[in-house]
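Visitor: To be precise about what I am sending: the file is called upload_24.cif and holds mmCIF, N, CA, C and O atoms.
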```cif
data_model
#
loop_
_atom_site.label_atom_id
_atom_site.label_comp_id
_atom_site.auth_asym_id
_atom_site.auth_seq_id
_atom_site.Cartn_x
_atom_site.Cartn_y
_atom_site.Cartn_z
N MET A 194 -50.75 6.52 -26.21
CA MET A 194 -49.69 5.55 -26.25
C MET A 194 -48.82 5.72 -27.49
O MET A 194 -47.60 5.67 -27.40
N ILE A 195 -49.47 5.92 -28.63
CA ILE A 195 -48.72 6.11 -29.87
C ILE A 195 -47.90 7.40 -29.78
O ILE A 195 -46.76 7.44 -30.23
N GLN A 196 -48.49 8.44 -29.21
CA GLN A 196 -47.77 9.71 -29.05
C GLN A 196 -46.52 9.51 -28.20
O GLN A 196 -45.48 10.08 -28.50
N LEU A 197 -46.60 8.73 -27.17
CA LEU A 197 -45.46 8.44 -26.30
C LEU A 197 -44.35 7.74 -27.07
O LEU A 197 -43.18 8.10 -26.97
N ILE A 198 -44.70 6.75 -27.87
CA ILE A 198 -43.70 6.01 -28.65
C ILE A 198 -43.09 6.91 -29.72
O ILE A 198 -41.88 6.91 -29.92
N VAL A 199 -43.90 7.71 -30.40
CA VAL A 199 -43.39 8.61 -31.44
C VAL A 199 -42.45 9.63 -30.80
O VAL A 199 -41.38 9.92 -31.35
N GLY A 200 -42.82 10.19 -29.66
CA GLY A 200 -41.96 11.16 -28.96
C GLY A 200 -40.65 10.52 -28.53
O GLY A 200 -39.59 11.13 -28.65
N TRP A 201 -40.70 9.28 -28.06
CA TRP A 201 -39.48 8.59 -27.62
C TRP A 201 -38.55 8.33 -28.81
O TRP A 201 -37.35 8.56 -28.73
N VAL A 202 -39.09 7.90 -29.93
CA VAL A 202 -38.29 7.65 -31.14
C VAL A 202 -37.70 8.96 -31.65
O VAL A 202 -36.55 9.02 -32.06
N GLN A 203 -38.49 10.02 -31.61
CA GLN A 203 -38.01 11.32 -32.08
C GLN A 203 -36.85 11.80 -31.21
O GLN A 203 -35.85 12.31 -31.72
N ASN A 204 -36.94 11.65 -29.90
CA ASN A 204 -35.85 12.03 -29.00
C ASN A 204 -34.61 11.18 -29.26
O ASN A 204 -33.49 11.68 -29.22
N LEU A 205 -34.81 9.91 -29.55
CA LEU A 205 -33.70 9.01 -29.83
C LEU A 205 -32.98 9.44 -31.11
O LEU A 205 -31.76 9.49 -31.17
N VAL A 206 -33.72 9.79 -32.14
CA VAL A 206 -33.14 10.22 -33.41
C VAL A 206 -32.40 11.55 -33.22
O VAL A 206 -31.28 11.73 -33.69
N ASN A 207 -33.00 12.50 -32.51
CA ASN A 207 -32.35 13.79 -32.26
C ASN A 207 -31.07 13.61 -31.45
O ASN A 207 -30.08 14.30 -31.68
N PHE A 208 -31.08 12.70 -30.51
CA PHE A 208 -29.88 12.44 -29.69
C PHE A 208 -28.75 11.88 -30.55
O PHE A 208 -27.62 12.29 -30.45
N SER A 209 -29.09 10.94 -31.45
CA SER A 209 -28.05 10.34 -32.28
C SER A 209 -27.48 11.35 -33.27
O SER A 209 -26.31 11.31 -33.61
N ILE A 210 -28.28 12.28 -33.75
CA ILE A 210 -27.80 13.32 -34.66
C ILE A 210 -26.88 14.28 -33.90
O ILE A 210 -25.84 14.69 -34.40
N ALA A 211 -27.26 14.64 -32.68
CA ALA A 211 -26.47 15.59 -31.89
C ALA A 211 -25.13 15.01 -31.47
O ALA A 211 -24.16 15.75 -31.33
N THR A 212 -25.06 13.70 -31.28
CA THR A 212 -23.81 13.09 -30.83
C THR A 212 -23.03 12.48 -31.99
O THR A 212 -22.15 11.67 -31.78
N GLU A 213 -23.38 12.87 -33.21
CA GLU A 213 -22.69 12.34 -34.38
C GLU A 213 -21.22 12.76 -34.35
O GLU A 213 -20.87 13.84 -33.90
N PHE A 214 -20.37 11.91 -34.87
CA PHE A 214 -18.93 12.16 -34.89
C PHE A 214 -18.62 13.39 -35.73
O PHE A 214 -19.06 13.52 -36.86
N LYS A 215 -17.85 14.31 -35.15
CA LYS A 215 -17.41 15.50 -35.87
C LYS A 215 -15.89 15.43 -35.95
O LYS A 215 -15.23 15.25 -34.95
N PRO A 216 -15.34 15.58 -37.13
CA PRO A 216 -13.87 15.50 -37.25
C PRO A 216 -13.19 16.66 -36.51
O PRO A 216 -13.68 17.77 -36.51
N VAL A 217 -12.09 16.34 -35.88
CA VAL A 217 -11.32 17.32 -35.14
C VAL A 217 -10.45 18.10 -36.12
O VAL A 217 -9.89 17.53 -37.05
N GLU A 218 -10.37 19.41 -35.91
CA GLU A 218 -9.55 20.24 -36.78
C GLU A 218 -8.09 19.82 -36.61
O GLU A 218 -7.57 19.77 -35.50
N THR A 219 -7.44 19.52 -37.70
CA THR A 219 -6.04 19.13 -37.62
C THR A 219 -5.16 20.37 -37.73
O THR A 219 -5.47 21.29 -38.49
N LEU A 220 -4.09 20.38 -36.96
CA LEU A 220 -3.18 21.51 -36.95
C LEU A 220 -2.07 21.27 -37.97
O LEU A 220 -1.60 20.15 -38.15
N THR A 221 -1.64 22.33 -38.61
CA THR A 221 -0.51 22.24 -39.52
C THR A 221 0.75 22.11 -38.69
O THR A 221 0.75 22.44 -37.49
N PRO A 222 1.85 21.67 -39.28
CA PRO A 222 3.10 21.58 -38.51
C PRO A 222 3.53 22.92 -37.90
O PRO A 222 4.01 22.96 -36.78
N SER A 223 3.32 24.02 -38.62
CA SER A 223 3.71 25.31 -38.05
C SER A 223 2.81 25.69 -36.88
O SER A 223 3.27 26.25 -35.88
N GLN A 224 1.51 25.39 -36.96
CA GLN A 224 0.60 25.66 -35.85
C GLN A 224 0.98 24.82 -34.63
O GLN A 224 0.92 25.29 -33.49
N LYS A 225 1.36 23.57 -34.86
CA LYS A 225 1.81 22.71 -33.76
C LYS A 225 3.06 23.29 -33.11
O LYS A 225 3.21 23.29 -31.89
N GLY A 226 3.98 23.80 -33.93
CA GLY A 226 5.21 24.39 -33.41
C GLY A 226 4.93 25.62 -32.57
O GLY A 226 5.49 25.79 -31.48
N TYR A 227 4.06 26.50 -33.07
CA TYR A 227 3.70 27.70 -32.29
C TYR A 227 3.02 27.31 -30.98
O TYR A 227 3.32 27.88 -29.93
N LYS A 228 2.10 26.35 -31.03
CA LYS A 228 1.40 25.93 -29.81
C LYS A 228 2.41 25.39 -28.80
O LYS A 228 2.34 25.72 -27.62
N PHE A 229 3.35 24.57 -29.26
CA PHE A 229 4.36 24.02 -28.37
C PHE A 229 5.19 25.15 -27.75
O PHE A 229 5.40 25.17 -26.54
N GLU A 230 5.65 26.08 -28.56
CA GLU A 230 6.46 27.19 -28.03
C GLU A 230 5.66 28.06 -27.06
O GLU A 230 6.18 28.47 -26.03
N HIS A 231 4.42 28.35 -27.40
CA HIS A 231 3.58 29.16 -26.51
C HIS A 231 3.40 28.46 -25.17
O HIS A 231 3.54 29.09 -24.11
N ASP A 232 3.11 27.17 -25.20
CA ASP A 232 2.90 26.42 -23.96
C ASP A 232 4.18 26.37 -23.12
O ASP A 232 4.14 26.56 -21.90
N GLU A 233 5.32 26.12 -23.77
CA GLU A 233 6.59 26.06 -23.04
C GLU A 233 6.94 27.41 -22.42
O GLU A 233 7.38 27.49 -21.27
N LEU A 234 6.76 28.48 -23.17
CA LEU A 234 7.08 29.81 -22.66
C LEU A 234 6.16 30.19 -21.51
O LEU A 234 6.62 30.76 -20.51
N LYS A 235 4.89 29.86 -21.60
CA LYS A 235 3.96 30.15 -20.49
C LYS A 235 4.37 29.39 -19.23
O LYS A 235 4.34 29.94 -18.14
N ARG A 236 4.75 28.12 -19.40
CA ARG A 236 5.20 27.33 -18.24
C ARG A 236 6.43 27.97 -17.60
O ARG A 236 6.53 28.08 -16.37
N LEU A 237 7.38 28.40 -18.43
CA LEU A 237 8.59 29.03 -17.91
C LEU A 237 8.26 30.35 -17.22
O LEU A 237 8.79 30.64 -16.14
N MET A 238 7.37 31.13 -17.78
CA MET A 238 6.98 32.40 -17.16
C MET A 238 6.34 32.17 -15.80
O MET A 238 6.63 32.88 -14.84
N LEU A 239 5.48 31.18 -15.72
CA LEU A 239 4.83 30.88 -14.44
C LEU A 239 5.85 30.38 -13.42
O LEU A 239 5.75 30.68 -12.23
N ARG A 240 6.83 29.62 -13.88
CA ARG A 240 7.86 29.11 -12.97
C ARG A 240 8.73 30.24 -12.43
O ARG A 240 9.15 30.22 -11.28
N LEU A 241 9.00 31.25 -13.26
CA LEU A 241 9.90 32.34 -12.86
C LEU A 241 9.18 33.58 -12.35
O LEU A 241 9.81 34.61 -12.12
N LYS A 242 7.87 33.52 -12.14
CA LYS A 242 7.15 34.71 -11.73
C LYS A 242 7.54 35.19 -10.33
O LYS A 242 7.38 36.36 -10.01
N ARG A 243 8.10 34.33 -9.49
CA ARG A 243 8.54 34.75 -8.14
C ARG A 243 9.89 35.47 -8.19
O ARG A 243 10.27 36.11 -7.23
N PHE A 244 10.60 35.37 -9.30
CA PHE A 244 11.88 36.05 -9.44
C PHE A 244 11.60 37.52 -9.75
O PHE A 244 11.19 37.86 -10.86
N GLU A 245 11.83 38.39 -8.80
CA GLU A 245 11.52 39.80 -8.96
C GLU A 245 12.44 40.49 -9.95
O GLU A 245 12.11 41.55 -10.48
N THR A 246 13.61 39.93 -10.19
CA THR A 246 14.59 40.58 -11.07
C THR A 246 14.52 40.07 -12.51
O THR A 246 15.38 40.41 -13.32
N VAL A 247 13.50 39.29 -12.85
CA VAL A 247 13.40 38.71 -14.19
C VAL A 247 12.23 39.33 -14.94
O VAL A 247 11.13 39.45 -14.42
N GLU A 248 12.52 39.75 -16.18
CA GLU A 248 11.48 40.27 -17.07
C GLU A 248 11.52 39.49 -18.37
O GLU A 248 12.58 39.08 -18.83
N PHE A 249 10.37 39.32 -18.98
CA PHE A 249 10.27 38.71 -20.29
C PHE A 249 9.88 39.81 -21.27
O PHE A 249 8.88 40.50 -21.07
N THR A 250 10.67 39.97 -22.32
CA THR A 250 10.38 40.97 -23.35
C THR A 250 10.56 40.33 -24.72
O THR A 250 11.16 39.27 -24.85
N ASP A 251 10.04 41.02 -25.73
CA ASP A 251 10.35 40.58 -27.09
C ASP A 251 11.62 41.29 -27.55
O ASP A 251 12.23 42.02 -26.77
N VAL A 252 12.01 41.10 -28.78
CA VAL A 252 13.30 41.64 -29.24
C VAL A 252 13.32 43.16 -29.29
O VAL A 252 14.40 43.76 -29.28
N VAL A 253 12.19 43.83 -29.34
CA VAL A 253 12.16 45.29 -29.35
C VAL A 253 11.96 45.88 -27.97
O VAL A 253 11.89 47.08 -27.81
N GLY A 254 11.83 45.01 -26.94
CA GLY A 254 11.72 45.47 -25.57
C GLY A 254 10.32 45.57 -25.01
O GLY A 254 10.13 46.00 -23.87
N ALA A 255 9.31 45.17 -25.77
CA ALA A 255 7.94 45.19 -25.27
C ALA A 255 7.75 44.05 -24.28
O ALA A 255 8.17 42.92 -24.54
N PRO A 256 7.14 44.34 -23.11
CA PRO A 256 6.97 43.28 -22.11
C PRO A 256 6.03 42.17 -22.59
O PRO A 256 5.09 42.41 -23.34
N MET A 257 6.34 40.96 -22.13
CA MET A 257 5.52 39.80 -22.45
C MET A 257 4.98 39.20 -21.16
O MET A 257 5.68 39.15 -20.16
N THR A 258 3.74 38.75 -21.20
CA THR A 258 3.10 38.07 -20.07
C THR A 258 2.49 36.77 -20.60
O THR A 258 2.33 36.62 -21.82
N PRO A 259 2.12 35.86 -19.70
CA PRO A 259 1.47 34.63 -20.18
C PRO A 259 0.19 34.90 -20.99
O PRO A 259 -0.16 34.13 -21.88
N GLN A 260 -0.47 36.01 -20.73
CA GLN A 260 -1.69 36.33 -21.46
C GLN A 260 -1.40 36.87 -22.86
O GLN A 260 -2.21 36.71 -23.77
N THR A 261 -0.24 37.50 -23.07
CA THR A 261 0.07 38.08 -24.38
C THR A 261 0.90 37.15 -25.26
O THR A 261 1.12 37.47 -26.43
N VAL A 262 1.35 36.04 -24.74
CA VAL A 262 2.19 35.12 -25.51
C VAL A 262 1.43 34.58 -26.72
O VAL A 262 2.00 34.42 -27.80
N GLU A 263 0.15 34.33 -26.58
CA GLU A 263 -0.66 33.76 -27.66
C GLU A 263 -0.68 34.65 -28.90
O GLU A 263 -0.96 34.18 -30.00
N ASN A 264 -0.39 35.93 -28.74
CA ASN A 264 -0.43 36.87 -29.86
C ASN A 264 0.92 37.02 -30.55
O ASN A 264 1.06 37.87 -31.43
N ARG A 265 1.92 36.25 -30.15
CA ARG A 265 3.27 36.38 -30.70
C ARG A 265 3.53 35.32 -31.74
O ARG A 265 3.45 34.13 -31.46
N TYR A 266 3.87 35.76 -32.94
CA TYR A 266 4.22 34.87 -34.03
C TYR A 266 5.38 35.51 -34.79
O TYR A 266 5.18 36.50 -35.49
N GLY A 267 6.57 34.96 -34.64
CA GLY A 267 7.73 35.48 -35.34
C GLY A 267 7.72 35.04 -36.80
O GLY A 267 7.17 34.00 -37.16
N GLN A 268 8.37 35.82 -37.66
CA GLN A 268 8.41 35.50 -39.08
C GLN A 268 9.22 34.23 -39.35
O GLN A 268 8.99 33.54 -40.32
N ASP A 269 10.17 33.95 -38.48
CA ASP A 269 11.01 32.77 -38.67
C ASP A 269 10.44 31.52 -38.02
O ASP A 269 11.05 30.47 -38.03
N GLY A 270 9.26 31.63 -37.44
CA GLY A 270 8.62 30.48 -36.81
C GLY A 270 8.82 30.42 -35.31
O GLY A 270 8.36 29.50 -34.66
N GLY A 271 9.50 31.40 -34.73
CA GLY A 271 9.72 31.42 -33.29
C GLY A 271 8.97 32.57 -32.64
O GLY A 271 8.36 33.40 -33.30
N ILE A 272 9.04 32.62 -31.33
CA ILE A 272 8.33 33.66 -30.59
C ILE A 272 9.23 34.88 -30.35
O ILE A 272 8.76 35.99 -30.20
N ASP A 273 10.54 34.69 -30.34
CA ASP A 273 11.50 35.77 -30.10
C ASP A 273 11.31 36.40 -28.72
O ASP A 273 10.88 37.53 -28.58
N CYS A 274 11.63 35.65 -27.70
CA CYS A 274 11.50 36.09 -26.32
C CYS A 274 12.88 36.29 -25.71
O CYS A 274 13.79 35.50 -25.93
N VAL A 275 13.02 37.36 -24.94
CA VAL A 275 14.27 37.66 -24.24
C VAL A 275 13.98 37.61 -22.75
O VAL A 275 13.05 38.25 -22.26
N ILE A 276 14.79 36.83 -22.02
CA ILE A 276 14.69 36.80 -20.56
C ILE A 276 15.71 37.81 -20.05
O ILE A 276 16.91 37.64 -20.22
N ARG A 277 15.21 38.86 -19.45
CA ARG A 277 16.07 39.96 -19.02
C ARG A 277 16.19 39.94 -17.50
O ARG A 277 15.17 39.88 -16.79
N ILE A 278 17.42 40.00 -17.00
CA ILE A 278 17.67 40.00 -15.56
C ILE A 278 18.06 41.42 -15.15
O ILE A 278 19.03 41.97 -15.65
N ILE A 279 17.29 41.98 -14.23
CA ILE A 279 17.56 43.33 -13.73
C ILE A 279 17.85 43.18 -12.24
O ILE A 279 16.95 43.05 -11.42
N ALA A 280 19.12 43.21 -11.89
CA ALA A 280 19.53 43.05 -10.50
C ALA A 280 20.39 44.25 -10.11
O ALA A 280 21.09 44.83 -10.96
N PRO A 281 20.36 44.64 -8.84
CA PRO A 281 21.15 45.80 -8.42
C PRO A 281 22.66 45.57 -8.49
O PRO A 281 23.42 46.52 -8.64
N THR A 282 23.10 44.31 -8.42
CA THR A 282 24.53 44.04 -8.47
C THR A 282 24.81 42.97 -9.52
O THR A 282 23.93 42.18 -9.89
N GLU A 283 26.03 42.95 -9.99
CA GLU A 283 26.42 41.95 -10.98
C GLU A 283 26.42 40.55 -10.36
O GLU A 283 26.03 39.58 -11.00
N ARG A 284 26.81 40.48 -9.11
CA ARG A 284 26.81 39.18 -8.42
C ARG A 284 25.39 38.63 -8.31
O ARG A 284 25.15 37.45 -8.54
N GLY A 285 24.44 39.50 -7.97
CA GLY A 285 23.04 39.08 -7.89
C GLY A 285 22.52 38.60 -9.24
O GLY A 285 21.80 37.60 -9.33
N ALA A 286 22.91 39.31 -10.31
CA ALA A 286 22.49 38.90 -11.65
C ALA A 286 23.07 37.54 -12.02
O ALA A 286 22.39 36.71 -12.63
N LYS A 287 24.32 37.30 -11.64
CA LYS A 287 24.94 36.00 -11.93
C LYS A 287 24.24 34.87 -11.18
O LYS A 287 24.06 33.77 -11.71
N ILE A 288 23.87 35.13 -9.93
CA ILE A 288 23.17 34.10 -9.14
C ILE A 288 21.82 33.77 -9.80
O ILE A 288 21.47 32.60 -9.96
N VAL A 289 21.08 34.81 -10.20
CA VAL A 289 19.78 34.58 -10.84
C VAL A 289 19.98 33.86 -12.17
O VAL A 289 19.23 32.94 -12.51
N ALA A 290 20.99 34.26 -12.94
CA ALA A 290 21.25 33.62 -14.23
C ALA A 290 21.58 32.14 -14.04
O ALA A 290 21.13 31.30 -14.83
N THR A 291 22.35 31.82 -13.01
CA THR A 291 22.69 30.41 -12.74
C THR A 291 21.44 29.63 -12.38
O THR A 291 21.25 28.49 -12.85
N LYS A 292 20.56 30.22 -11.56
CA LYS A 292 19.32 29.52 -11.19
C LYS A 292 18.44 29.28 -12.41
O LYS A 292 17.89 28.19 -12.59
N ILE A 293 18.34 30.29 -13.27
CA ILE A 293 17.52 30.14 -14.48
C ILE A 293 18.12 29.10 -15.41
O ILE A 293 17.41 28.27 -15.97
N ARG A 294 19.45 29.12 -15.56
CA ARG A 294 20.11 28.13 -16.40
C ARG A 294 19.84 26.72 -15.89
O ARG A 294 19.52 25.81 -16.66
N ASN A 295 19.93 26.52 -14.58
CA ASN A 295 19.67 25.19 -14.01
C ASN A 295 18.21 24.78 -14.21
O ASN A 295 17.93 23.60 -14.47
N ILE A 296 17.29 25.72 -14.08
CA ILE A 296 15.87 25.42 -14.31
C ILE A 296 15.67 24.96 -15.75
O ILE A 296 14.98 23.99 -16.02
N LEU A 297 16.30 25.67 -16.69
CA LEU A 297 16.15 25.32 -18.11
C LEU A 297 16.81 23.98 -18.43
O LEU A 297 16.22 23.14 -19.13
N ILE A 298 18.02 23.77 -17.93
CA ILE A 298 18.73 22.52 -18.22
C ILE A 298 18.01 21.32 -17.64
O ILE A 298 17.87 20.28 -18.29
N ASN A 299 17.51 21.45 -16.42
CA ASN A 299 16.82 20.34 -15.76
C ASN A 299 15.36 20.19 -16.19
O ASN A 299 14.70 19.22 -15.80
N GLY A 300 14.84 21.15 -16.94
CA GLY A 300 13.44 21.09 -17.35
C GLY A 300 12.50 21.24 -16.17
O GLY A 300 11.40 20.70 -16.18
N ASP A 301 12.93 22.01 -15.18
CA ASP A 301 12.17 22.17 -13.93
C ASP A 301 11.20 23.35 -14.05
O ASP A 301 11.25 24.29 -13.28
N TYR A 302 10.35 23.29 -15.05
CA TYR A 302 9.34 24.34 -15.21
C TYR A 302 8.09 23.78 -15.82
O TYR A 302 8.01 22.66 -16.20
#
```
Would you mind giving the structure from this file in structure tokens?

Guide:
Amino acid sequence: MIQLIVGWVQNLVNFSIATEFKPVETLTPSQKGYKFEHDELKRLMLRLKRFETVEFTDVVGAPMTPQTVENRYGQDGGIDCVIRIIAPTERGAKIVATKIRNILINGDY
């Protein structure tokens, strides 16, 4: 009987230690900014993935994907992403550009 009570108290103490409050790591303002930009760019990439004529690159032309966005940190605090439209005709490029502009303006991503 005593062993049962001692074991129960010991489990109760171990449980309270394991569930003790742990402070959450606070993000610096620059880390918050990068996280916000990364999340927004990933959402936009996912929204435009059906557009076959749209590519996302960085300023030197290296392709960007939602998986590689997390590794991008510009010196000025931005990600430096270029949305490139590759269409066979100028009219087609204008149509895609208008659709992308409307998506960005309306926040539809």

Visitor: Between A:Glu218, A:Thr291, A:Tyr302, A:Lys228, single out the one closest to A:Lys242, counting only C-alpha atoms.

Guide: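 Between A:Glu218, A:Thr291, A:Tyr302, A:Lys228, the residue approaching A:Lys242 most closely is A:Tyr302.
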
Visitor: Calculated over only C-alpha atoms, which of the candidates A:Thr282, A:Asn299, A:Ser223, A:Thr246 has the smallest distance to A:Gly267?

Guide: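 Looking at the shortest contact to A:Gly267, the residue is A:Ser223.
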
Visitor: In Å, how far is it from atom O of A:Glu263 to atom CA of A:Val289?

Guide: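 According to the coordinates, atom O of A:Glu263 and atom CA of A:Val289 are separated by 28.2 Å.
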
Visitor: Select, from A:Val262, A:Ala280, A:Ile296, A:Ala290, the residue with the minimum atom-to-atom distance to A:Leu234, counting all atoms listed in the file.

Guide: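 For A:Leu234, the nearest of the given residues is A:Val262.
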
Visitor: Measure the distance from atom CA of A:Glu230 to atom CA of A:Lys287 in Å and round it to one decimal.

Guide: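 That distance, rounded to one decimal, is 26.0 Å.
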
Visitor: Which residue gives the smallest distance to A:Val253 among A:Met238, A:Leu297, A:Asp273, A:Arg284, with all atoms listed in the file counted?

Guide: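 Using all atoms listed in the file, the shortest distance to A:Val253 belongs to A:Asp273.
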
Visitor: Pick the closest to A:Gly226 from A:Ile272, A:Leu239, A:Asp251, A:Arg277: which is it, counting all atoms listed in the file?

Guide: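 That would be A:Ile272, the residue with the smallest distance to A:Gly226.
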
Visitor: Out of A:Leu241, A:Ala286, A:Gly271, A:Ile276, which residue has the shortest atom-to-atom distance to A:Phe229 when counting only C-alpha atoms?

Guide: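 Checking each candidate against A:Phe229, we get A:Gly271 as the closest.
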
Visitor: For atom CA of A:Gln224 and atom CA of A:Tyr266, quote the distance in Å rounded to one decimal.

Guide: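 According to the coordinates, atom CA of A:Gln224 and atom CA of A:Tyr266 are separated by 10.1 Å.
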
Visitor: List as a PDB file with N, CA, C and O atoms, in the frame of the given file the protein and nucleic acid residues near A:Cys274, meaning an atom at most 8 Å away when all atoms listed in the file are counted, but skip any in the same chain fewer than 6 places from it.

Guide:
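What follows is the written file part.pdb:
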```
ATOM      1  N   GLU A 248      12.520  39.750 -16.180  1.00  0.00           N
ATOM      2  CA  GLU A 248      11.480  40.270 -17.070  1.00  0.00           C
ATOM      3  C   GLU A 248      11.520  39.490 -18.370  1.00  0.00           C
ATOM      4  O   GLU A 248      12.580  39.080 -18.830  1.00  0.00           O
ATOM      5  N   PHE A 249      10.370  39.320 -18.980  1.00  0.00           N
ATOM      6  CA  PHE A 249      10.270  38.710 -20.290  1.00  0.00           C
ATOM      7  C   PHE A 249       9.880  39.810 -21.270  1.00  0.00           C
ATOM      8  O   PHE A 249       8.880  40.500 -21.070  1.00  0.00           O
ATOM      9  N   THR A 250      10.670  39.970 -22.320  1.00  0.00           N
ATOM     10  CA  THR A 250      10.380  40.970 -23.350  1.00  0.00           C
ATOM     11  C   THR A 250      10.560  40.330 -24.720  1.00  0.00           C
ATOM     12  O   THR A 250      11.160  39.270 -24.850  1.00  0.00           O
ATOM     13  N   ASP A 251      10.040  41.020 -25.730  1.00  0.00           N
ATOM     14  CA  ASP A 251      10.350  40.580 -27.090  1.00  0.00           C
ATOM     15  C   ASP A 251      11.620  41.290 -27.550  1.00  0.00           C
ATOM     16  O   ASP A 251      12.230  42.020 -26.770  1.00  0.00           O
ATOM     17  N   VAL A 252      12.010  41.100 -28.780  1.00  0.00           N
ATOM     18  CA  VAL A 252      13.300  41.640 -29.240  1.00  0.00           C
ATOM     19  C   VAL A 252      13.320  43.160 -29.290  1.00  0.00           C
ATOM     20  O   VAL A 252      14.400  43.760 -29.280  1.00  0.00           O
ATOM     21  N   ALA A 255       9.310  45.170 -25.770  1.00  0.00           N
ATOM     22  CA  ALA A 255       7.940  45.190 -25.270  1.00  0.00           C
ATOM     23  C   ALA A 255       7.750  44.050 -24.280  1.00  0.00           C
ATOM     24  O   ALA A 255       8.170  42.920 -24.540  1.00  0.00           O
TER      25      ALA A 255
END
```

Visitor: Using the atoms already present, construct all heavy atoms for stretch 222-228 of chain A and hand them back as a tab-separated table (two decimals), keeping the file's coordinate frame.

Guide:
```tsv
chain	number	residue	atom	x	y	z
A	222	PRO	N	1.85	21.67	-39.28
A	222	PRO	CA	3.10	21.58	-38.51
A	222	PRO	C	3.53	22.92	-37.90
A	222	PRO	O	4.01	22.96	-36.78
A	222	PRO	CB	4.11	21.09	-39.55
A	222	PRO	CG	3.30	20.30	-40.51
A	222	PRO	CD	1.99	21.04	-40.59
A	223	SER	N	3.32	24.02	-38.62
A	223	SER	CA	3.71	25.31	-38.05
A	223	SER	C	2.81	25.69	-36.88
A	223	SER	O	3.27	26.25	-35.88
A	223	SER	CB	3.70	26.41	-39.11
A	223	SER	OG	2.40	26.60	-39.63
A	224	GLN	N	1.51	25.39	-36.96
A	224	GLN	CA	0.60	25.66	-35.85
A	224	GLN	C	0.98	24.82	-34.63
A	224	GLN	O	0.92	25.29	-33.49
A	224	GLN	CB	-0.85	25.38	-36.26
A	224	GLN	CG	-1.41	26.38	-37.24
A	224	GLN	CD	-2.77	25.96	-37.77
A	224	GLN	OE1	-3.07	24.77	-37.90
A	224	GLN	NE2	-3.61	26.94	-38.07
A	225	LYS	N	1.36	23.57	-34.86
A	225	LYS	CA	1.81	22.71	-33.76
A	225	LYS	C	3.06	23.29	-33.11
A	225	LYS	O	3.21	23.29	-31.89
A	225	LYS	CB	2.09	21.29	-34.25
A	225	LYS	CG	0.87	20.50	-34.58
A	225	LYS	CD	1.25	19.12	-35.08
A	225	LYS	CE	0.04	18.34	-35.54
A	225	LYS	NZ	0.41	17.02	-36.07
A	226	GLY	N	3.98	23.80	-33.93
A	226	GLY	CA	5.21	24.39	-33.41
A	226	GLY	C	4.93	25.62	-32.57
A	226	GLY	O	5.49	25.79	-31.48
A	227	TYR	N	4.06	26.50	-33.07
A	227	TYR	CA	3.70	27.70	-32.29
A	227	TYR	C	3.02	27.31	-30.98
A	227	TYR	O	3.32	27.88	-29.93
A	227	TYR	CB	2.77	28.61	-33.09
A	227	TYR	CG	3.48	29.51	-34.06
A	227	TYR	CD1	3.15	29.49	-35.41
A	227	TYR	CD2	4.46	30.39	-33.64
A	227	TYR	CE1	3.78	30.33	-36.31
A	227	TYR	CE2	5.10	31.23	-34.53
A	227	TYR	CZ	4.76	31.19	-35.87
A	227	TYR	OH	5.39	32.02	-36.74
A	228	LYS	N	2.10	26.35	-31.03
A	228	LYS	CA	1.40	25.93	-29.81
A	228	LYS	C	2.41	25.39	-28.80
A	228	LYS	O	2.34	25.72	-27.62
A	228	LYS	CB	0.34	24.89	-30.13
A	228	LYS	CG	-0.41	24.44	-28.89
A	228	LYS	CD	-1.59	23.59	-29.24
A	228	LYS	CE	-2.32	23.02	-28.06
A	228	LYS	NZ	-2.07	23.54	-26.76
```
